[in-house]
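J.: Next up is a structure, given as structure tokens.
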Amino acid sequence: MSWLIAGLGNPGPVYTRTRHNVGYLVVDELRRRANERWTSARAQRADVVRTRIGPVGLGAPGAQTEPVVLMRSRTYMNESGIAVRKVADFSHISPDHLIVVHDELDLDLGRMRLKTGGGDNGHNGLKSIRAHLRTGDFNRVRFGVGRPPGRMNPADYVLSNFPARDQNDLDLQVTLAADAVEMIMTDGLAAAQNRYNT
């Protein structure tokens, strides 16, 4: 069975290192590990990488491997479900083999939670995916970005860049989130939760 890894974010260089784009950062780390380049799938409104995963990780050839599709939507966050549905349908991937990586306001930077199912908790990307798939029963990697300071609007906060002092923590957490995604695929959600839920 193929896996689909959807990193949520907004397209365009202005959003590259914003809090809302941590999903993009994680799938780009997975792409780097697979030693592949993004391909534009215009009909699916996404950039995709097709690779495989096995005991030695992503990009591995051989019989004991499973197909993996990495994707980042070319729609804006609130329409993420359009691209996720198109890529999932094209590759015949069911929701139980979908892993969505997204920013999470309720967790501080450096914290991560893995789960299956649930609501959208006000996250427009998740809301769109649930609407287009007609289910919330997919795997999520919730990547903590923390709450906005004071009375700052959460929408402005998630569209702002991480401060320079957080860059090392961000890079480490992107690496850990990519590790967690790989472990979900190779060892199952429960094993990955035991290791990475913080």
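Ordered as shown in the structure tokens, chains take letters A, B, and onward, while each chain numbers its residues from 1 and ligands are numbered from 1 in the order shown.
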Please report, as a PyMOL selection string, each residue of region 44-153 of chain A to which DSSP assigns strand (DSSP E) when run on this structure's backbone.

T.: chain A and resi 46-54+57-58+66-73+98-104+112-116+139-144

J.: Find the spatial neighbours of region 38-46 of chain A, counting only C-alpha atoms, within a cut-off of 12 Å - ignore same-chain residues fewer than 2 positions away - and output them as a PyMOL selection string.

T.: chain A and resi 6-11+24+27-32+34-36+48-51+69-76+79-91

J.: Near Asn194 (chain A), within 12 Å and counting only C-alpha atoms, which residues show up once chain neighbours fewer than 4 positions away are dropped, as a list in words?

T.: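 The contact residues come out as Met112, Arg113, Leu114, Lys115, Ala180, Met183, Ile184, Asp187, Gly188, Leu189, Ala190 and Thr198 of chain A.
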
J.: Please determine, counting only C-alpha atoms, which residue among A:Ala192, A:Val101, A:Val68, A:Val145 has the shortest atom-to-atom distance to Asp179 (chain A).

T.: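 Using only C-alpha atoms, the shortest distance to Asp179 (chain A) belongs to A:Ala192.
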
J.: Taking only C-alpha atoms into account, which of A:Arg165, A:Arg33, A:Arg140, A:Arg151 comes nearest Asp103 (chain A)?

T.: A:Arg140

J.: Using backbone DSSP assignments, extract all alpha helix (DSSP H) residues from chain A; output them as a PyMOL selection string.

T.: chain A and resi 22-34+80-91+124-133+154-158+167-187+189-196

J.: Which residue is closest to Pro55 (chain A)? Choose from A:Ser94, A:Thr186, A:Asn78, A:Thr175 and count only C-alpha atoms.

T.: A:Thr186

J.: Out of A:Ser2, A:Asn139, A:Asn197, A:Thr18, which residue has the shortest atom-to-atom distance to Asn161 (chain A) when counting only C-alpha atoms?

T.: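 Using only C-alpha atoms, Asn161 (chain A) sits closest to A:Thr18.
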
J.: Just to confirm, what's the straight-line distance from CA of Ala63 (chain A) to CA of Met185 (chain A) in Å (one decimal)?

T.: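 Going from CA of Ala63 (chain A) over to CA of Met185 (chain A) covers 15.8 Å.
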
J.: Which is closest to Leu133 (chain A) among A:Tyr15, A:Gln167, A:Leu98, A:Ser160, if we use only C-alpha atoms?

T.: A:Leu98

J.: Considering only C-alpha atoms, can you say which of A:Arg147, A:Arg19, A:His123, A:Arg195 comes closest to Leu105 (chain A)?

T.: A:Arg147

J.: So how far away is CA of Glu104 (chain A) from CA of Gly117 (chain A), in Å?

T.: 14.9 Å

J.: Which distance in Å separates CA of His102 (chain A) and CA of Arg142 (chain A), to one decimal?

T.: 5.5 Å
